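This is my_file.json (JSON, C-alpha atoms).
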```json
[["chain", "number", "residue", "atom", "x", "y", "z"],
["A", 1, "LEU", "CA", -34.83, 163.21, -76.49],
["A", 2, "SER", "CA", -34.53, 166.07, -78.99],
["A", 3, "SER", "CA", -31.75, 167.67, -81.01],
["A", 4, "ILE", "CA", -31.50, 170.22, -78.16],
["A", 5, "ASP", "CA", -30.21, 167.36, -75.99],
["A", 6, "LEU", "CA", -27.41, 166.76, -78.51],
["A", 7, "PRO", "CA", -25.61, 170.11, -78.85],
["A", 8, "HIS", "CA", -22.72, 170.25, -81.30],
["A", 9, "ASN", "CA", -19.59, 168.85, -79.66],
["A", 10, "PRO", "CA", -17.16, 166.03, -80.57],
["A", 11, "LYS", "CA", -18.83, 163.47, -78.27],
["A", 12, "ASN", "CA", -22.31, 164.08, -79.67],
["A", 13, "VAL", "CA", -21.04, 164.17, -83.25],
["A", 14, "GLN", "CA", -19.53, 160.73, -82.62],
["A", 15, "ILE", "CA", -22.85, 159.44, -81.25],
["A", 16, "VAL", "CA", -24.81, 160.83, -84.22],
["A", 17, "ALA", "CA", -22.30, 159.64, -86.84],
["A", 18, "THR", "CA", -22.17, 156.11, -85.36],
["A", 19, "GLU", "CA", -25.96, 155.85, -85.12],
["A", 20, "LEU", "CA", -26.46, 156.84, -88.76],
["A", 21, "PHE", "CA", -23.46, 154.94, -90.14],
["A", 22, "ASP", "CA", -24.71, 151.70, -88.58],
["A", 23, "ALA", "CA", -28.25, 152.35, -89.79],
["A", 24, "LEU", "CA", -27.04, 152.92, -93.35],
["A", 25, "HIS", "CA", -25.23, 149.58, -93.20],
["A", 26, "GLY", "CA", -28.40, 147.75, -92.24],
["A", 27, "LYS", "CA", -27.30, 147.10, -88.65],
["A", 28, "ALA", "CA", -30.37, 149.03, -87.54],
["A", 29, "GLY", "CA", -32.19, 148.93, -90.84],
["A", 30, "ASP", "CA", -34.13, 152.18, -90.49],
["A", 31, "LEU", "CA", -32.91, 153.70, -93.74],
["A", 32, "ASP", "CA", -33.42, 150.43, -95.61],
["A", 33, "THR", "CA", -29.93, 150.37, -97.14],
["A", 34, "LYS", "CA", -27.26, 147.70, -96.91],
["A", 35, "ASP", "CA", -23.87, 148.54, -98.41],
["A", 36, "ALA", "CA", -21.33, 145.75, -98.54],
["A", 37, "GLY", "CA", -18.27, 146.10, -96.36],
["A", 38, "ASP", "CA", -17.45, 148.70, -93.75],
["A", 39, "PRO", "CA", -17.07, 151.87, -95.89],
["A", 40, "LEU", "CA", -20.21, 153.75, -96.85],
["A", 41, "GLY", "CA", -20.99, 153.79, -100.57],
["A", 42, "TRP", "CA", -22.82, 156.33, -102.69],
["A", 43, "GLN", "CA", -26.10, 154.41, -102.55],
["A", 44, "GLY", "CA", -26.30, 154.66, -98.75],
["A", 45, "PHE", "CA", -25.18, 158.28, -98.72],
["A", 46, "ALA", "CA", -27.74, 159.20, -101.39],
["A", 47, "LYS", "CA", -30.46, 157.53, -99.29],
["A", 48, "LEU", "CA", -29.41, 159.64, -96.31],
["A", 49, "CYS", "CA", -29.57, 162.84, -98.40],
["A", 50, "GLN", "CA", -32.93, 161.88, -99.88],
["A", 51, "THR", "CA", -34.35, 161.31, -96.39],
["A", 52, "ALA", "CA", -33.04, 164.77, -95.44],
["A", 53, "GLY", "CA", -34.80, 166.32, -98.45],
["A", 54, "CYS", "CA", -31.79, 166.93, -100.74],
["A", 55, "ASP", "CA", -32.05, 166.60, -104.50],
["A", 56, "VAL", "CA", -29.54, 164.48, -106.45],
["A", 57, "ILE", "CA", -27.35, 167.45, -107.49],
["A", 58, "ARG", "CA", -27.00, 168.69, -103.89],
["A", 59, "ALA", "CA", -26.39, 165.12, -102.68],
["A", 60, "ARG", "CA", -23.61, 164.63, -105.25],
["A", 61, "MET", "CA", -21.95, 167.90, -104.21],
["A", 62, "LEU", "CA", -22.03, 166.82, -100.56],
["A", 63, "TRP", "CA", -20.64, 163.41, -101.51],
["A", 64, "ASN", "CA", -17.71, 164.87, -103.44],
["A", 65, "ASP", "CA", -16.87, 167.10, -100.49],
["A", 66, "ALA", "CA", -17.16, 164.27, -97.96],
["A", 67, "ASP", "CA", -15.09, 161.74, -99.95],
["A", 68, "LYS", "CA", -11.80, 163.34, -98.99],
["A", 69, "ASP", "CA", -9.52, 160.69, -100.52],
["A", 70, "GLY", "CA", -11.60, 160.22, -103.67],
["A", 71, "SER", "CA", -11.89, 156.49, -103.01],
["A", 72, "GLY", "CA", -15.57, 156.29, -103.93],
["A", 73, "TYR", "CA", -16.41, 155.32, -100.33],
["A", 74, "LEU", "CA", -16.66, 157.05, -96.97],
["A", 75, "ASP", "CA", -14.94, 155.45, -94.02],
["A", 76, "ARG", "CA", -16.16, 156.17, -90.49],
["A", 77, "HIS", "CA", -13.72, 159.07, -90.04],
["A", 78, "GLU", "CA", -14.81, 160.77, -93.27],
["A", 79, "PHE", "CA", -18.46, 160.33, -92.29],
["A", 80, "PHE", "CA", -17.69, 161.77, -88.84],
["A", 81, "LEU", "CA", -16.14, 164.86, -90.47],
["A", 82, "PHE", "CA", -19.20, 165.20, -92.70],
["A", 83, "CYS", "CA", -21.59, 165.04, -89.72],
["A", 84, "ALA", "CA", -19.41, 167.52, -87.80],
["A", 85, "ARG", "CA", -20.05, 170.30, -90.32],
["A", 86, "GLN", "CA", -21.97, 173.15, -88.69],
["A", 87, "ASP", "CA", -24.44, 173.33, -91.61],
["A", 88, "ILE", "CA", -25.01, 169.56, -91.61],
["A", 89, "TYR", "CA", -25.08, 168.63, -87.92],
["A", 90, "PRO", "CA", -28.58, 169.92, -86.96],
["A", 91, "THR", "CA", -30.16, 167.81, -89.72],
["A", 92, "VAL", "CA", -28.21, 164.61, -89.06],
["A", 93, "ALA", "CA", -28.76, 165.00, -85.29],
["A", 94, "LYS", "CA", -32.54, 164.99, -85.83],
["A", 95, "MET", "CA", -32.23, 161.97, -88.11],
["A", 96, "ALA", "CA", -30.11, 160.09, -85.55],
["A", 97, "ILE", "CA", -32.71, 160.75, -82.86],
["A", 98, "GLU", "CA", -35.43, 159.32, -85.10],
["A", 99, "VAL", "CA", -33.25, 156.28, -85.79],
["A", 100, "ARG", "CA", -32.75, 155.80, -82.05],
["A", 101, "LYS", "CA", -36.49, 156.04, -81.37],
["A", 102, "ARG", "CA", -37.25, 153.43, -84.02],
["A", 103, "ASN", "CA", -34.49, 151.18, -82.71],
["A", 104, "LEU", "CA", -35.99, 151.46, -79.23],
["A", 105, "GLN", "CA", -39.44, 150.57, -80.57],
["A", 106, "ARG", "CA", -37.98, 147.62, -82.45],
["A", 107, "LYS", "CA", -36.15, 146.38, -79.37],
["A", 108, "GLN", "CA", -39.33, 146.56, -77.29],
["A", 109, "ARG", "CA", -41.32, 144.66, -79.91],
["A", 110, "VAL", "CA", -38.69, 141.94, -80.24],
["A", 111, "MET", "CA", -38.60, 141.52, -76.46],
["A", 112, "ALA", "CA", -42.41, 141.29, -76.34],
["A", 113, "ALA", "CA", -42.45, 138.75, -79.19],
["A", 114, "ASP", "CA", -39.85, 136.58, -77.47],
["A", 115, "GLU", "CA", -41.71, 136.58, -74.17],
["A", 116, "LEU", "CA", -44.99, 135.66, -75.87],
["A", 117, "PHE", "CA", -43.24, 132.99, -77.95],
["A", 118, "ASP", "CA", -41.67, 131.35, -74.86],
["A", 119, "TYR", "CA", -45.01, 131.44, -73.04],
["A", 120, "LEU", "CA", -46.87, 129.83, -75.97],
["A", 121, "ASP", "CA", -44.19, 127.22, -76.70],
["A", 122, "LYS", "CA", -45.50, 124.72, -74.16],
["A", 123, "ASP", "CA", -43.55, 121.71, -75.49],
["A", 124, "GLY", "CA", -40.30, 123.68, -75.63],
["A", 125, "ASP", "CA", -39.38, 122.67, -79.19],
["A", 126, "LYS", "CA", -38.54, 126.28, -80.17],
["A", 127, "MET", "CA", -41.39, 126.25, -82.73],
["A", 128, "LEU", "CA", -45.05, 127.25, -82.47],
["A", 129, "SER", "CA", -47.66, 124.82, -83.73],
["A", 130, "TRP", "CA", -51.14, 125.83, -84.84],
["A", 131, "GLU", "CA", -52.55, 124.62, -81.52],
["A", 132, "GLU", "CA", -50.09, 126.76, -79.55],
["A", 133, "PHE", "CA", -50.72, 129.78, -81.78],
["A", 134, "LYS", "CA", -54.49, 129.50, -81.25],
["A", 135, "VAL", "CA", -53.95, 130.30, -77.55],
["A", 136, "LEU", "CA", -52.64, 133.70, -78.59],
["A", 137, "CYS", "CA", -55.59, 134.25, -80.93],
["A", 138, "ARG", "CA", -58.09, 133.39, -78.20],
["A", 139, "GLY", "CA", -56.40, 135.90, -75.91],
["A", 140, "ALA", "CA", -56.74, 138.52, -78.65],
["A", 141, "GLY", "CA", -60.43, 137.74, -79.06],
["A", 142, "CYS", "CA", -60.14, 136.36, -82.62],
["A", 143, "ASN", "CA", -62.80, 134.13, -84.12],
["A", 144, "ALA", "CA", -61.82, 131.00, -86.08],
["A", 145, "LYS", "CA", -61.63, 132.81, -89.43],
["A", 146, "GLN", "CA", -59.53, 135.64, -88.02],
["A", 147, "ALA", "CA", -57.22, 133.18, -86.27],
["A", 148, "MET", "CA", -56.58, 131.28, -89.49],
["A", 149, "ALA", "CA", -55.90, 134.55, -91.34],
["A", 150, "CYS", "CA", -53.33, 135.50, -88.69],
["A", 151, "TRP", "CA", -51.72, 132.06, -88.93],
["A", 152, "ASN", "CA", -51.43, 132.27, -92.71],
["A", 153, "ALA", "CA", -49.91, 135.75, -92.44],
["A", 154, "ALA", "CA", -47.40, 134.61, -89.83],
["A", 155, "ASP", "CA", -46.38, 131.29, -91.45],
["A", 156, "SER", "CA", -44.47, 132.98, -94.29],
["A", 157, "ASP", "CA", -42.67, 129.82, -95.45],
["A", 158, "GLU", "CA", -45.87, 127.72, -95.20],
["A", 159, "SER", "CA", -44.05, 125.09, -93.15],
["A", 160, "GLY", "CA", -46.97, 124.51, -90.79],
["A", 161, "GLU", "CA", -44.92, 125.88, -87.87],
["A", 162, "LEU", "CA", -43.67, 129.27, -86.76],
["A", 163, "ASP", "CA", -40.05, 129.82, -85.84],
["A", 164, "ARG", "CA", -38.96, 132.73, -83.65],
["A", 165, "ALA", "CA", -38.07, 134.98, -86.61],
["A", 166, "GLU", "CA", -41.52, 134.52, -88.22],
["A", 167, "PHE", "CA", -43.25, 135.21, -84.92],
["A", 168, "ARG", "CA", -41.18, 138.34, -84.29],
["A", 169, "LYS", "CA", -42.10, 139.67, -87.72],
["A", 170, "PHE", "CA", -45.79, 138.91, -87.13],
["A", 171, "VAL", "CA", -45.92, 140.52, -83.67],
["A", 172, "SER", "CA", -43.99, 143.62, -84.85],
["A", 173, "SER", "CA", -46.26, 144.39, -87.81],
["A", 174, "GLU", "CA", -48.07, 147.71, -87.40],
["A", 175, "SER", "CA", -51.59, 146.28, -87.70],
["A", 176, "ILE", "CA", -50.97, 143.53, -85.13],
["A", 177, "TRP", "CA", -48.69, 145.24, -82.62],
["A", 178, "PRO", "CA", -51.30, 147.16, -80.55],
["A", 179, "GLU", "CA", -53.13, 143.96, -79.60],
["A", 180, "MET", "CA", -49.87, 142.02, -79.12],
["A", 181, "ARG", "CA", -48.62, 144.78, -76.85],
["A", 182, "ARG", "CA", -51.78, 144.50, -74.73],
["A", 183, "LEU", "CA", -51.29, 140.74, -74.37],
["A", 184, "TYR", "CA", -47.61, 141.17, -73.61],
["A", 185, "MET", "CA", -48.36, 143.73, -70.89],
["A", 186, "ARG", "CA", -50.79, 141.31, -69.25],
["A", 187, "LEU", "CA", -48.20, 138.54, -69.37],
["A", 188, "ARG", "CA", -45.46, 140.83, -68.11],
["A", 189, "ASP", "CA", -47.56, 142.09, -65.18],
["A", 190, "MET", "CA", -48.37, 138.52, -64.20],
["A", 191, "LYS", "CA", -44.72, 137.47, -64.30],
["A", 192, "GLN", "CA", -43.52, 140.59, -62.50],
["A", 193, "HIS", "CA", -45.99, 139.94, -59.70],
["A", 194, "GLU", "CA", -44.59, 136.43, -59.35],
["A", 195, "THR", "CA", -40.94, 137.49, -59.43],
["A", 196, "LYS", "CA", -40.98, 140.91, -57.74],
["A", 197, "GLU", "CA", -39.91, 139.53, -54.35],
["A", 198, "VAL", "CA", -37.04, 137.63, -55.97],
["A", 199, "ALA", "CA", -36.03, 140.68, -58.04],
["A", 200, "ASN", "CA", -36.00, 142.95, -54.98],
["A", 201, "LEU", "CA", -33.88, 140.47, -53.01],
["A", 202, "VAL", "CA", -31.30, 140.23, -55.81],
["A", 203, "PHE", "CA", -31.37, 144.00, -56.40],
["A", 204, "GLU", "CA", -30.62, 144.70, -52.72],
["A", 205, "GLU", "CA", -27.84, 142.10, -52.78],
["A", 206, "LEU", "CA", -26.25, 143.91, -55.73],
["A", 207, "LYS", "CA", -26.54, 147.14, -53.78],
["A", 208, "SER", "CA", -24.67, 145.58, -50.83],
["A", 209, "ALA", "CA", -22.05, 144.06, -53.13],
["A", 210, "ALA", "CA", -21.52, 147.45, -54.78],
["A", 211, "ALA", "CA", -21.01, 149.09, -51.38],
["A", 212, "THR", "CA", -18.35, 146.57, -50.32],
["A", 213, "SER", "CA", -16.64, 146.83, -53.72],
["A", 214, "ASN", "CA", -16.50, 150.66, -53.62],
["A", 215, "ILE", "CA", -18.76, 150.86, -56.70],
["A", 216, "ASP", "CA", -21.07, 153.87, -56.97],
["A", 217, "PHE", "CA", -24.69, 152.79, -56.61],
["A", 218, "ASN", "CA", -27.92, 154.63, -57.28],
["A", 219, "ASP", "CA", -30.81, 153.28, -55.19],
["A", 220, "ASP", "CA", -33.09, 152.99, -58.23],
["A", 221, "GLU", "CA", -30.65, 152.08, -61.00],
["A", 222, "LEU", "CA", -28.04, 149.49, -61.93],
["A", 223, "THR", "CA", -24.91, 150.41, -63.84],
["A", 224, "PHE", "CA", -23.15, 147.84, -65.98],
["A", 225, "LYS", "CA", -20.58, 147.20, -63.21],
["A", 226, "GLN", "CA", -23.31, 146.04, -60.82],
["A", 227, "PHE", "CA", -25.02, 144.07, -63.56],
["A", 228, "TRP", "CA", -21.72, 142.38, -64.41],
["A", 229, "LEU", "CA", -21.46, 141.19, -60.79],
["A", 230, "LEU", "CA", -24.84, 139.53, -61.21],
["A", 231, "CYS", "CA", -23.94, 138.00, -64.58],
["A", 232, "LYS", "CA", -20.75, 136.47, -63.16],
["A", 233, "LYS", "CA", -22.78, 134.95, -60.32],
["A", 234, "ALA", "CA", -25.26, 133.61, -62.89],
["A", 235, "GLY", "CA", -22.46, 132.03, -64.94],
["A", 236, "ALA", "CA", -22.20, 134.43, -67.91],
["A", 237, "SER", "CA", -19.48, 133.19, -70.26],
["A", 238, "SER", "CA", -17.98, 136.60, -71.06],
["A", 239, "GLU", "CA", -18.22, 140.31, -70.35],
["A", 240, "GLU", "CA", -19.29, 140.85, -73.98],
["A", 241, "GLN", "CA", -22.26, 138.52, -73.43],
["A", 242, "ALA", "CA", -23.15, 140.48, -70.28],
["A", 243, "LYS", "CA", -22.96, 143.78, -72.20],
["A", 244, "GLU", "CA", -25.36, 142.44, -74.83],
["A", 245, "ILE", "CA", -27.84, 141.33, -72.14],
["A", 246, "PHE", "CA", -27.46, 144.72, -70.41],
["A", 247, "LYS", "CA", -28.20, 146.51, -73.68],
["A", 248, "GLN", "CA", -31.34, 144.42, -74.22],
["A", 249, "THR", "CA", -32.53, 145.05, -70.65],
["A", 250, "ASP", "CA", -31.90, 148.81, -70.80],
["A", 251, "GLN", "CA", -35.12, 149.43, -72.72],
["A", 252, "ASP", "CA", -34.90, 153.23, -72.74],
["A", 253, "ASP", "CA", -31.18, 153.27, -73.70],
["A", 254, "SER", "CA", -30.38, 155.42, -70.65],
["A", 255, "GLY", "CA", -27.12, 153.59, -69.92],
["A", 256, "SER", "CA", -28.48, 152.10, -66.69],
["A", 257, "ILE", "CA", -31.18, 149.65, -65.61],
["A", 258, "SER", "CA", -34.04, 150.96, -63.48],
["A", 259, "ARG", "CA", -35.82, 148.82, -60.89],
["A", 260, "LYS", "CA", -38.76, 148.48, -63.27],
["A", 261, "GLU", "CA", -36.48, 147.33, -66.09],
["A", 262, "PHE", "CA", -34.82, 144.91, -63.65],
["A", 263, "TYR", "CA", -38.23, 143.47, -62.70],
["A", 264, "ILE", "CA", -38.98, 142.93, -66.39],
["A", 265, "PHE", "CA", -35.56, 141.30, -66.85],
["A", 266, "CYS", "CA", -36.10, 138.93, -63.90],
["A", 267, "ALA", "CA", -39.54, 138.00, -65.26],
["A", 268, "ARG", "CA", -38.09, 136.75, -68.55],
["A", 269, "SER", "CA", -38.69, 133.06, -69.13],
["A", 270, "ASP", "CA", -34.99, 132.33, -69.62],
["A", 271, "VAL", "CA", -33.92, 134.43, -66.62],
["A", 272, "ARG", "CA", -36.51, 133.60, -63.97],
["A", 273, "PRO", "CA", -35.11, 130.16, -62.99],
["A", 274, "VAL", "CA", -31.59, 131.58, -62.59],
["A", 275, "MET", "CA", -32.81, 134.49, -60.46],
["A", 276, "LYS", "CA", -34.74, 132.09, -58.24],
["A", 277, "LYS", "CA", -31.56, 130.05, -57.68],
["A", 278, "ILE", "CA", -29.55, 133.15, -56.85],
["A", 279, "ALA", "CA", -32.29, 134.38, -54.51],
["A", 280, "LEU", "CA", -32.31, 130.99, -52.77],
["A", 281, "MET", "CA", -28.54, 131.17, -52.30],
["A", 282, "ILE", "CA", -28.87, 134.68, -50.83],
["A", 283, "THR", "CA", -31.67, 133.57, -48.47],
["A", 284, "LYS", "CA", -29.65, 130.55, -47.25],
["A", 285, "ARG", "CA", -26.57, 132.69, -46.66],
["A", 286, "LYS", "CA", -28.58, 135.28, -44.74],
["A", 287, "LYS", "CA", -30.15, 132.52, -42.67],
["A", 288, "LYS", "CA", -26.71, 131.14, -41.77],
["A", 289, "VAL", "CA", -25.48, 134.60, -40.80],
["A", 290, "LYS", "CA", -28.55, 135.12, -38.64],
["A", 291, "GLU", "CA", -28.12, 131.73, -36.95],
["A", 292, "ALA", "CA", -24.44, 132.46, -36.28],
["A", 293, "PHE", "CA", -25.35, 135.85, -34.81],
["A", 294, "LEU", "CA", -27.98, 134.31, -32.49],
["A", 295, "GLU", "CA", -25.51, 131.63, -31.42],
["A", 296, "LEU", "CA", -22.90, 134.28, -30.62],
["A", 297, "LYS", "CA", -25.46, 136.31, -28.68],
["A", 298, "LYS", "CA", -26.44, 133.19, -26.75],
["A", 299, "GLU", "CA", -22.83, 132.48, -25.84],
["A", 300, "GLU", "CA", -22.30, 136.07, -24.68],
["A", 301, "GLY", "CA", -25.41, 135.79, -22.54],
["A", 302, "GLY", "CA", -24.08, 132.64, -20.91],
["A", 303, "LYS", "CA", -20.74, 134.30, -20.09],
["A", 304, "THR", "CA", -22.55, 137.25, -18.46],
["A", 305, "GLU", "CA", -24.58, 134.94, -16.22],
["A", 306, "ALA", "CA", -21.47, 132.99, -15.23],
["A", 307, "SER", "CA", -19.63, 136.13, -14.17]]
```

Could you render the structure as structure tokens?
Amino acid sequence: LSSIDLPHNPKNVQIVATELFDALHGKAGDLDTKDAGDPLGWQGFAKLCQTAGCDVIRARMLWNDADKDGSGYLDRHEFFLFCARQDIYPTVAKMAIEVRKRNLQRKQRVMAADELFDYLDKDGDKMLSWEEFKVLCRGAGCNAKQAMACWNAADSDESGELDRAEFRKFVSSESIWPEMRRLYMRLRDMKQHETKEVANLVFEELKSAAATSNIDFNDDELTFKQFWLLCKKAGASSEEQAKEIFKQTDQDDSGSISRKEFYIFCARSDVRPVMKKIALMITKRKKKVKEAFLELKKEEGGKTEAS
């Protein structure tokens, strides 16, 4: 994705403005600024201008022009108008794309950390002990001294255990991530191999359900509507919860879930048991339909012989 893919129009300006506004409020965290409340303050705006290469005088001039009501804050509409300026948009569009890339990287690292955490947490107490952590270190080829150094770096509160947040931070660190990614890929491939048959069965069922519900369906992708059908079958408590899961599963932020992304989703430790249950239900239903069809065929054969 490049700024060429985001030509200047109201829809793209809205995308860019929202991406940057959320980042400046710490929702994405890329610009390392957290203003209190919903409006954007001078501190966040100045950080944006500094990142774009503006000096303080230029930044203050832009601020005074953007703060239409002179409130000392920019609401989302004022920030939208600022981003919509022809002389500003190319720069903020590039910045928004960088924010999106970093968000995507962060999402992938968090997902990898969670999968590794669940795999290592053998006793299921939602914490990693030293013994459980050592399994990871052995997989990474660490000696005893290196393993202890990793443990000390990860156990930031020195509690003698790692919670999920500490482990995410450890796995996501730049020096550790390449090896953690390698281990995650091995784990993911293993799980995908185990669940691919189940994932394909469920995927095809969603395809059939979409056809009977007059929902557009791409052979290799799931839209949210199809995914919502699955979530309802799995017992999702709300559509909002389903949207959050969909967003996490859509790793490339394309707005749909590819077969590969669906395989990864089905291989998740918290998802696999549910998918297996759904696949079993589908298999039983198909078996009943097949048995009923054979019985009907048998009856028709008997009538033919009688006549």

*Return the single residue from A:Arg285, A:Lys196, A:Lys247, A:Arg164 that is closest to Asn103 in chain A, with distances computed using all atoms listed in the file.*
A:Lys247

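Computed from the coordinates, the CA of Val135 in chain A to CA of Val171 in chain A distance equals 14.4 Å.
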
*With only C-alpha atoms as the atoms that count, which of A:Phe170, A:His193, A:Ala84, A:Ala140 lies nearest to Lys11 in chain A?*
A:Ala84

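If you look at CA of Asn152 in chain A and CA of Gln105 in chain A, they are 25.0 Å away from each other.
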
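For the pair CA of Glu161 in chain A and CA of Phe133 in chain A, the separation is 9.3 Å.
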
Please return the centre and edge lengths, in Å to one decimal, of a box with edges along x, y and z that contains all listed atoms of range 113-130 of chain A, widened by 5 Å on every side, as JSON.
```
{"center_x": -44.8, "center_y": 130.2, "center_z": -78.9, "size_x": 22.6, "size_y": 27.0, "size_z": 21.8}
```

For range 242-267 of chain A, where the input has fewer atoms than it should, I would like N, CA and C atoms rebuilt and written as a CSV table (one decimal), in the frame of the given file.
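And here is the file that came out, part22.csv:
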```
chain,number,residue,atom,x,y,z
A,242,ALA,N,-22.5,139.7,-71.3
A,242,ALA,CA,-23.2,140.5,-70.3
A,242,ALA,C,-23.5,141.9,-70.8
A,243,LYS,N,-22.7,142.5,-71.6
A,243,LYS,CA,-23.0,143.8,-72.2
A,243,LYS,C,-24.1,143.7,-73.1
A,244,GLU,N,-24.2,142.6,-73.9
A,244,GLU,CA,-25.4,142.4,-74.8
A,244,GLU,C,-26.7,142.3,-74.1
A,245,ILE,N,-26.6,141.5,-73.0
A,245,ILE,CA,-27.8,141.3,-72.1
A,245,ILE,C,-28.2,142.7,-71.5
A,246,PHE,N,-27.2,143.4,-71.0
A,246,PHE,CA,-27.5,144.7,-70.4
A,246,PHE,C,-28.1,145.7,-71.4
A,247,LYS,N,-27.6,145.6,-72.6
A,247,LYS,CA,-28.2,146.5,-73.7
A,247,LYS,C,-29.7,146.2,-74.0
A,248,GLN,N,-30.0,144.9,-74.0
A,248,GLN,CA,-31.3,144.4,-74.2
A,248,GLN,C,-32.3,144.8,-73.1
A,249,THR,N,-31.7,144.8,-71.8
A,249,THR,CA,-32.5,145.0,-70.6
A,249,THR,C,-32.8,146.6,-70.5
A,250,ASP,N,-31.8,147.4,-70.9
A,250,ASP,CA,-31.9,148.8,-70.8
A,250,ASP,C,-32.8,149.3,-71.9
A,251,GLN,N,-34.1,149.2,-71.7
A,251,GLN,CA,-35.1,149.4,-72.7
A,251,GLN,C,-35.2,150.9,-73.2
A,252,ASP,N,-34.8,151.8,-72.3
A,252,ASP,CA,-34.9,153.2,-72.7
A,252,ASP,C,-33.5,153.8,-73.2
A,253,ASP,N,-32.5,152.9,-73.3
A,253,ASP,CA,-31.2,153.3,-73.7
A,253,ASP,C,-30.6,154.4,-72.8
A,254,SER,N,-30.9,154.4,-71.5
A,254,SER,CA,-30.4,155.4,-70.6
A,254,SER,C,-29.0,155.2,-70.2
A,255,GLY,N,-28.5,153.9,-70.4
A,255,GLY,CA,-27.1,153.6,-69.9
A,255,GLY,C,-27.1,152.9,-68.6
A,256,SER,N,-28.3,152.8,-68.0
A,256,SER,CA,-28.5,152.1,-66.7
A,256,SER,C,-29.8,151.4,-66.7
A,257,ILE,N,-30.0,150.5,-65.7
A,257,ILE,CA,-31.2,149.6,-65.6
A,257,ILE,C,-32.0,150.1,-64.4
A,258,SER,N,-33.2,150.5,-64.6
A,258,SER,CA,-34.0,151.0,-63.5
A,258,SER,C,-34.6,149.7,-62.8
A,259,ARG,N,-35.2,149.9,-61.6
A,259,ARG,CA,-35.8,148.8,-60.9
A,259,ARG,C,-36.9,148.2,-61.8
A,260,LYS,N,-37.7,149.0,-62.4
A,260,LYS,CA,-38.8,148.5,-63.3
A,260,LYS,C,-38.2,147.6,-64.4
A,261,GLU,N,-37.1,148.1,-65.0
A,261,GLU,CA,-36.5,147.3,-66.1
A,261,GLU,C,-35.9,146.0,-65.5
A,262,PHE,N,-35.4,146.1,-64.3
A,262,PHE,CA,-34.8,144.9,-63.6
A,262,PHE,C,-35.9,143.9,-63.3
A,263,TYR,N,-37.1,144.4,-62.9
A,263,TYR,CA,-38.2,143.5,-62.7
A,263,TYR,C,-38.6,142.7,-64.0
A,264,ILE,N,-38.6,143.5,-65.1
A,264,ILE,CA,-39.0,142.9,-66.4
A,264,ILE,C,-37.9,141.9,-66.8
A,265,PHE,N,-36.7,142.2,-66.5
A,265,PHE,CA,-35.6,141.3,-66.8
A,265,PHE,C,-35.7,140.0,-66.1
A,266,CYS,N,-36.0,140.1,-64.8
A,266,CYS,CA,-36.1,138.9,-63.9
A,266,CYS,C,-37.3,138.1,-64.3
A,267,ALA,N,-38.3,138.7,-64.9
A,267,ALA,CA,-39.5,138.0,-65.3
A,267,ALA,C,-39.4,137.2,-66.6
```
